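See below for target23.txt, which holds compact mmCIF, C-alpha atoms.
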```
# COMPACT_ATOMS: atom_id res chain seq x y z
CA MET A 123 24.32 -20.50 -7.01
CA LEU A 124 21.09 -19.66 -5.23
CA GLY A 125 20.55 -23.38 -4.67
CA LEU A 126 23.94 -23.67 -3.00
CA ILE A 127 23.17 -20.69 -0.76
CA TRP A 128 19.85 -22.27 0.19
CA ALA A 129 21.47 -25.66 0.83
CA GLY A 130 24.04 -23.98 3.03
CA PHE A 131 21.30 -22.26 4.98
CA ALA A 132 19.33 -25.47 5.45
CA THR A 133 22.43 -27.23 6.75
CA ALA A 134 23.45 -24.37 9.04
CA ALA A 135 19.92 -23.97 10.36
CA VAL A 136 19.51 -27.67 11.19
CA VAL A 137 22.93 -27.99 12.81
CA GLY A 138 22.41 -24.72 14.65
CA ALA A 139 18.96 -25.81 15.84
CA PHE A 140 20.55 -28.87 17.45
CA ILE A 141 23.72 -27.46 19.02
CA VAL A 142 23.21 -23.76 19.80
CA PRO A 143 20.65 -23.96 22.67
CA ALA A 144 22.89 -26.19 24.80
CA HIS A 145 25.78 -23.72 24.62
CA ILE A 146 23.68 -20.70 25.54
CA LEU A 147 21.99 -22.64 28.35
CA ILE A 148 25.21 -23.91 29.95
CA GLN A 149 27.71 -21.16 29.15
CA GLY A 150 25.34 -18.21 29.26
CA VAL A 151 22.81 -19.06 31.95
CA LEU A 152 23.80 -21.96 34.19
CA GLY A 153 27.58 -21.36 34.14
CA PRO A 154 27.41 -17.83 35.57
CA LEU A 155 24.90 -19.11 38.13
CA GLY A 156 27.39 -21.62 39.52
CA VAL A 157 27.12 -24.75 37.40
CA PRO A 158 30.62 -25.81 36.30
CA SER A 159 31.25 -25.06 32.66
CA PHE A 160 34.43 -25.43 30.64
CA ASP A 161 34.77 -21.70 30.01
CA ARG A 162 34.47 -20.50 33.63
CA HIS A 163 38.19 -20.95 34.38
CA TYR A 164 41.25 -20.33 32.27
CA GLY A 165 42.68 -23.80 32.93
CA THR A 166 39.62 -25.76 31.86
CA PHE A 167 39.00 -23.48 28.88
CA ALA A 168 42.60 -23.77 27.69
CA ARG A 169 42.57 -27.54 28.20
CA ALA A 170 39.41 -27.88 26.11
CA LEU A 171 40.79 -25.65 23.37
CA SER A 172 43.98 -27.67 23.21
CA ASN A 173 41.93 -30.38 21.52
CA PRO A 174 41.75 -29.73 17.75
CA LEU A 175 38.35 -31.41 17.56
CA VAL A 176 36.95 -28.92 20.06
CA LYS A 177 38.36 -26.06 17.98
CA LEU A 178 36.83 -27.50 14.84
CA TYR A 179 33.50 -28.02 16.58
CA LEU A 180 33.44 -24.46 17.90
CA LEU A 181 34.30 -23.18 14.43
CA VAL A 182 31.27 -25.06 13.07
CA LEU A 183 29.17 -23.51 15.84
CA PHE A 184 30.30 -20.00 14.86
CA ALA A 185 29.95 -20.75 11.12
CA CYS A 186 26.36 -21.97 11.48
CA SER A 187 25.36 -18.99 13.61
CA PHE A 188 26.93 -16.35 11.36
CA TYR A 189 25.68 -17.98 8.16
CA MET A 190 22.13 -18.09 9.51
CA LEU A 191 22.42 -14.41 10.38
CA ALA A 192 23.69 -13.51 6.91
CA PHE A 193 21.02 -15.48 5.10
CA ARG A 194 18.12 -14.26 7.18
CA VAL A 195 19.26 -10.63 7.12
CA TRP A 196 19.66 -10.95 3.34
CA TYR A 197 16.04 -11.99 3.01
CA VAL A 198 14.39 -9.90 5.71
CA VAL A 199 16.02 -6.61 4.76
CA ARG A 200 14.68 -7.00 1.23
CA GLU A 201 11.25 -7.89 2.55
CA LEU A 202 11.33 -4.67 4.53
CA GLY A 203 11.69 -2.74 1.30
CA VAL A 204 15.42 -2.39 0.62
CA PRO A 205 15.72 -2.99 -3.13
CA SER A 206 19.40 -3.90 -3.53
CA LYS A 207 19.58 -7.68 -3.50
CA LEU A 208 23.28 -7.80 -4.38
CA GLY A 209 24.29 -5.01 -2.02
CA VAL A 210 22.48 -6.45 0.98
CA GLY A 211 23.85 -9.90 0.18
CA LEU A 212 27.41 -8.64 -0.06
CA VAL A 213 27.16 -6.77 3.24
CA SER A 214 25.44 -9.55 5.19
CA PHE A 215 27.54 -12.43 3.88
CA GLY A 216 30.67 -10.28 4.03
CA LEU A 217 30.15 -9.47 7.72
CA SER A 218 29.39 -13.12 8.36
CA ALA A 219 32.67 -14.10 6.70
CA VAL A 220 34.57 -11.53 8.76
CA GLY A 221 33.05 -12.93 11.95
CA LEU A 222 34.03 -16.44 10.96
CA ILE A 223 37.59 -15.38 10.11
CA ILE A 224 37.93 -13.69 13.50
CA ALA A 225 36.57 -16.81 15.21
CA GLY A 226 39.02 -19.00 13.31
CA TYR A 227 41.90 -16.69 14.16
CA LEU A 228 41.03 -16.67 17.87
CA LEU A 229 40.50 -20.42 17.97
CA PHE A 230 43.55 -21.55 16.04
CA THR A 231 46.12 -18.99 17.16
CA GLY A 232 45.11 -18.73 20.81
CA PRO A 233 46.69 -20.43 23.81
CA MET B 826 -13.21 -14.12 -25.06
CA SER B 827 -13.05 -17.79 -25.88
CA PRO B 828 -9.74 -19.26 -27.10
CA THR B 829 -11.50 -20.52 -30.21
CA SER B 830 -12.84 -17.11 -31.24
CA SER B 831 -11.63 -15.45 -34.43
CA ARG B 832 -8.52 -13.61 -33.18
CA ASP B 833 -5.92 -12.02 -35.44
CA ALA B 834 -2.85 -14.27 -35.20
CA SER B 835 -0.52 -11.26 -35.14
CA GLN B 836 -2.25 -9.88 -32.05
CA PRO B 837 -0.33 -10.78 -28.89
CA ARG B 838 -2.06 -12.42 -25.99
CA LEU B 839 -2.10 -10.01 -23.10
CA ASP B 840 -1.84 -10.61 -19.40
CA GLY B 841 -5.05 -9.83 -17.58
CA GLU B 842 -7.02 -9.70 -20.77
CA ALA B 843 -9.96 -11.61 -19.33
CA ARG B 844 -10.31 -9.17 -16.45
CA ALA B 845 -9.99 -6.23 -18.83
CA THR B 846 -13.22 -7.10 -20.58
CA ALA B 847 -15.15 -5.35 -17.82
CA PRO B 848 -14.53 -1.59 -18.15
CA ASP B 849 -14.38 -0.99 -14.41
CA ARG B 850 -11.69 -3.64 -13.78
CA VAL B 851 -9.01 -2.64 -16.23
CA SER B 852 -5.72 -4.12 -15.10
CA ALA B 853 -2.88 -1.74 -14.44
CA ARG B 854 -0.68 -4.06 -16.51
CA MET B 855 -2.98 -3.81 -19.51
CA PRO B 856 -1.50 -1.72 -22.33
CA ALA B 857 -3.80 0.67 -24.16
CA SER B 858 -3.14 -0.99 -27.49
CA ALA B 859 -1.50 -4.18 -28.65
CA GLY B 860 1.53 -2.30 -29.93
CA GLU B 861 2.52 -0.92 -26.53
CA PRO B 862 4.58 -3.00 -24.15
CA ALA B 863 2.97 -4.25 -20.97
CA ILE B 864 3.92 -2.20 -17.92
CA ALA B 865 4.66 -3.89 -14.61
CA TYR B 866 4.15 -1.74 -11.53
CA PRO B 867 6.20 -2.89 -8.52
CA VAL B 868 4.17 -3.56 -5.41
CA LYS B 869 5.40 -1.31 -2.61
CA GLN B 870 4.60 -2.49 0.88
CA PRO B 871 4.88 -0.27 3.92
CA PHE B 872 7.83 -0.91 6.22
CA THR B 873 5.48 -2.07 8.97
CA TRP B 874 3.61 -4.71 6.92
CA TRP B 875 4.75 -7.39 9.35
CA THR B 876 2.77 -5.82 12.22
CA ARG B 877 -0.58 -6.39 10.48
CA ARG B 878 -1.07 -10.03 11.38
CA ARG B 879 0.10 -12.28 14.18
CA GLY B 880 1.48 -14.75 11.64
CA TYR B 881 3.60 -12.06 10.01
CA LEU B 882 4.87 -10.98 13.43
CA LEU B 883 5.85 -14.54 14.33
CA TYR B 884 7.56 -14.87 10.95
CA MET B 885 9.64 -11.77 11.64
CA LEU B 886 10.40 -13.02 15.13
CA ARG B 887 11.64 -16.28 13.61
CA GLU B 888 13.90 -14.36 11.25
CA PHE B 889 15.10 -12.23 14.16
CA THR B 890 16.28 -15.32 16.06
CA ALA B 891 19.42 -15.32 13.94
CA VAL B 892 20.32 -11.88 15.31
CA GLY B 893 20.02 -13.05 18.92
CA ILE B 894 22.04 -16.19 18.27
CA ALA B 895 24.79 -14.28 16.45
CA ALA B 896 24.86 -11.63 19.19
CA TRP B 897 25.47 -14.30 21.80
CA MET B 898 28.20 -15.82 19.62
CA LEU B 899 29.88 -12.39 19.50
CA LEU B 900 29.92 -12.41 23.30
CA PHE B 901 31.48 -15.86 23.16
CA LEU B 902 34.11 -14.44 20.79
CA VAL B 903 34.85 -11.72 23.37
CA GLN B 904 35.42 -14.46 25.90
CA LEU B 905 37.72 -16.26 23.48
CA ALA B 906 39.67 -13.04 22.95
CA ARG B 907 40.06 -12.66 26.72
CA MET B 908 41.91 -15.97 26.76
CA ARG B 909 44.87 -14.13 25.22
CA GLN B 910 45.36 -12.19 28.46
CA GLY B 911 46.58 -15.34 30.14
CA ALA B 912 45.50 -17.06 33.33
CA ALA B 913 45.91 -13.94 35.44
CA GLY B 914 43.91 -11.67 33.16
CA TYR B 915 41.17 -14.08 32.07
CA GLN B 916 37.73 -13.25 33.35
CA PRO B 917 34.69 -15.08 31.99
CA LEU B 918 31.57 -13.13 31.14
CA GLY B 919 29.06 -13.14 33.97
CA GLY B 920 26.78 -10.99 36.04
CA PRO B 921 23.03 -10.37 35.92
CA LEU B 922 23.13 -8.46 32.62
CA PHE B 923 24.98 -11.25 30.81
CA VAL B 924 22.60 -13.85 32.25
CA ALA B 925 19.58 -11.75 31.21
CA ILE B 926 20.95 -11.34 27.68
CA SER B 927 21.66 -15.06 27.55
CA ILE B 928 18.12 -15.92 28.64
CA VAL B 929 16.70 -13.77 25.83
CA CYS B 930 19.12 -15.33 23.33
CA LEU B 931 18.24 -18.80 24.62
CA ALA B 932 14.55 -18.12 24.06
CA LEU B 933 15.31 -16.99 20.50
CA ALA B 934 17.51 -20.03 19.89
CA LEU B 935 14.78 -22.35 21.14
CA TRP B 936 12.23 -20.60 18.92
CA HIS B 937 14.52 -21.15 15.95
CA SER B 938 14.93 -24.83 16.90
CA TYR B 939 11.20 -25.29 17.36
CA THR B 940 10.18 -23.62 14.10
CA PHE B 941 12.89 -25.19 11.98
CA LEU B 942 12.62 -28.72 13.34
CA SER B 943 8.82 -28.54 13.01
CA LEU B 944 9.36 -28.02 9.29
CA ALA B 945 11.41 -31.20 9.05
CA GLY B 946 8.29 -33.29 8.68
CA LEU B 947 7.23 -31.22 5.70
CA PHE B 948 10.38 -31.31 3.64
CA MET B 949 11.64 -34.79 4.58
CA ARG B 950 10.09 -37.68 2.74
CA ILE B 951 11.14 -41.04 4.19
CA PRO B 952 9.71 -43.98 2.23
CA LEU B 953 8.15 -46.73 4.29
CA GLY B 954 6.78 -49.44 2.04
CA ASP B 955 4.10 -47.94 -0.18
CA ARG B 956 3.77 -44.86 2.01
CA THR B 957 6.05 -42.37 3.72
CA VAL B 958 6.75 -41.81 7.38
CA PRO B 959 4.14 -39.36 8.75
CA ALA B 960 5.33 -35.76 9.05
CA ARG B 961 4.30 -35.56 12.68
CA LEU B 962 6.45 -38.60 13.54
CA ILE B 963 9.47 -37.06 11.81
CA ALA B 964 9.01 -33.80 13.73
CA ARG B 965 8.74 -35.71 17.00
CA ALA B 966 11.90 -37.65 16.18
CA MET B 967 13.65 -34.34 15.51
CA PHE B 968 12.60 -32.96 18.89
CA GLY B 969 13.76 -36.18 20.53
CA ALA B 970 17.10 -35.81 18.78
CA LEU B 971 17.28 -32.19 19.95
CA ALA B 972 16.79 -33.31 23.55
CA VAL B 973 19.46 -36.02 23.23
CA VAL B 974 22.00 -33.69 21.57
CA THR B 975 21.31 -30.94 24.12
CA VAL B 976 21.86 -33.31 27.03
CA ALA B 977 25.03 -34.69 25.42
CA ILE B 978 26.55 -31.26 24.71
CA ALA B 979 25.52 -29.92 28.11
CA GLY B 980 27.14 -32.96 29.73
CA LEU B 981 30.37 -32.41 27.82
CA LEU B 982 30.44 -28.68 28.65
CA ILE B 983 29.89 -29.39 32.35
CA TRP B 984 32.33 -32.29 32.35
CA GLY B 985 34.94 -30.04 30.75
CA GLY B 986 34.54 -27.55 33.56
CA ALA B 987 34.58 -30.05 36.40
```

Would you put the structure from the file into C-alpha cells?
Amino acid sequence: MLGLIWAGFATAAVVGAFIVPAHILIQGVLGPLGVPSFDRHYGTFARALSNPLVKLYLLVLFACSFYMLAFRVWYVVRELGVPSKLGVGLVSFGLSAVGLIIAGYLLFTGP
Amino acid sequence: MSPTSSRDASQPRLDGEARATAPDRVSARMPASAGEPAIAYPVKQPFTWWTRRRGYLLYMLREFTAVGIAAWMLLFLVQLARMRQGAAGYQPLGGPLFVAISIVCLALALWHSYTFLSLAGLFMRIPLGDRTVPARLIARAMFGALAVVTVAIAGLLIWGGA
C-alpha cells in the first residue's frame, strides 16, 4: 500500500513538475498583464472546455497538484511532531480527494 | 566482549551491549538485567528543528511548494466556478494581488520542478552498453524536456485565447 502511495506521488510530482509552471506563468502572470490566454474571456474558455481532452487534461493537472499536497503534508506534519500517521493521512488525502471531486464536478458539469 | 567468548546461550544479545561496557556510556535502551525487556525512548525533536540548518530549511521549502501549487489551483477552481455565471457574469481573476500571488506560486512551482527533476538522474538508471547514462546527462535531458513542455503548453494556452 505504501509503495502504491509512493508510486502515485512520484508520478504526480514528475507530471506536475512538467506541466504546472506553464499554467501559472501564462494564466496567473502573463494573462492578467495582457498576453492572450484561453481563460481571459468566457468565449475562449468555454470553447476550450468543450473539448473533452482539455477537461481530462485539466483534471490531471488538478489531480497531480492535490495529490502532491496530500502526500507532502502527510509527511511534513509528522516530521513536525504530530504523531498520528493515520489521522494526518486521512485528513490530507481526504481533503485532496474532495478538491479533486470538486474539480471534476466543475469541469464535467459546467458550460 | 568477543563473539567467541564463553556466553550463556540462554542470555539474550542486547542492543548497545558493546557501548554499555564502559560505565559512563550506558545506553538508554540497555535493560538493567537480561530478564527485563529493552526500552525504546522516542526521540522528540523541537518543532523548529528545520530552522537549524540551511539544508533543512531548503527541504521544508521544497515540501512547502505543494501548498503554493495547490493554493493556485484553488484559485483556478474559483475561476472555473465563475464560468457558471454565464458570459455576462464571468470575470477572470486579475489585478496586482492575483499577479503577486501567482508570481510567488510560480517561484514555488519552479523550485519543485528544479528539485524533483534534479533527482531524476539519481533514481533513473538507463543502461548504455556496459555502463549507464550519466546522472548529470539525465538531469539535463529532464530540464530540456521541461523547457519544451513549458513552451508547448504556453503556446496552446495563448493560442486558445487568441

Given all atoms listed in the file as the counted atoms, nearest of A:Ala129, A:Leu183, A:Val151, A:Val199 to chain B: A:Val151

Selection: 9 Å around region 901-903 of chain B, all atoms listed in the file, excl. self and same-chain fewer than 5 positions, as a VMD selection string: (chain A and resid 149 to 150 184 224 to 225 228) or (chain B and resid 896 908 918)

Pairwise distance for CA of Thr231 (chain A) and CA of Leu899 (chain B), rounded to one decimal in Å: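 Value for the CA of Thr231 (chain A)-CA of Leu899 (chain B) distance: 17.7 Å.
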
Give me, as a tab-separated table (two decimals) with C-alpha atoms, keeping the file's coordinate frame, the contact residues of chain B against chain A at a cut-off of 6 Å, counting only C-alpha atoms.
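Result written to out_19.tsv:
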```tsv
chain	number	residue	atom	x	y	z
B	872	PHE	CA	7.83	-0.91	6.22
B	888	GLU	CA	13.90	-14.36	11.25
B	891	ALA	CA	19.42	-15.32	13.94
B	892	VAL	CA	20.32	-11.88	15.31
B	895	ALA	CA	24.79	-14.28	16.45
B	912	ALA	CA	45.50	-17.06	33.33
B	917	PRO	CA	34.69	-15.08	31.99
B	919	GLY	CA	29.06	-13.14	33.97
B	924	VAL	CA	22.60	-13.85	32.25
B	927	SER	CA	21.66	-15.06	27.55
B	931	LEU	CA	18.24	-18.80	24.62
B	934	ALA	CA	17.51	-20.03	19.89
B	938	SER	CA	14.93	-24.83	16.90
B	971	LEU	CA	17.28	-32.19	19.95
B	975	THR	CA	21.31	-30.94	24.12
B	979	ALA	CA	25.52	-29.92	28.11
B	982	LEU	CA	30.44	-28.68	28.65
B	983	ILE	CA	29.89	-29.39	32.35
B	985	GLY	CA	34.94	-30.04	30.75
B	986	GLY	CA	34.54	-27.55	33.56
B	987	ALA	CA	34.58	-30.05	36.40
```

Distance of CA of Ser943 (chain B) from CA of Leu181 (chain A), expressed in Å to one decimal place: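 Those two atoms sit 26.1 Å apart.
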
Point-to-point distance in Å for CA of Arg907 (chain B) and CA of Leu217 (chain A):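 Atom-to-atom, CA of Leu217 (chain A) to CA of Arg907 (chain B), that is 21.7 Å.
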
Minimum-distance residue to Gly226 (chain A), chosen among A:Met123, A:Val182, A:Ala134, A:Leu175 (using all atoms listed in the file):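 That would be A:Val182, the residue with the smallest distance to Gly226 (chain A).
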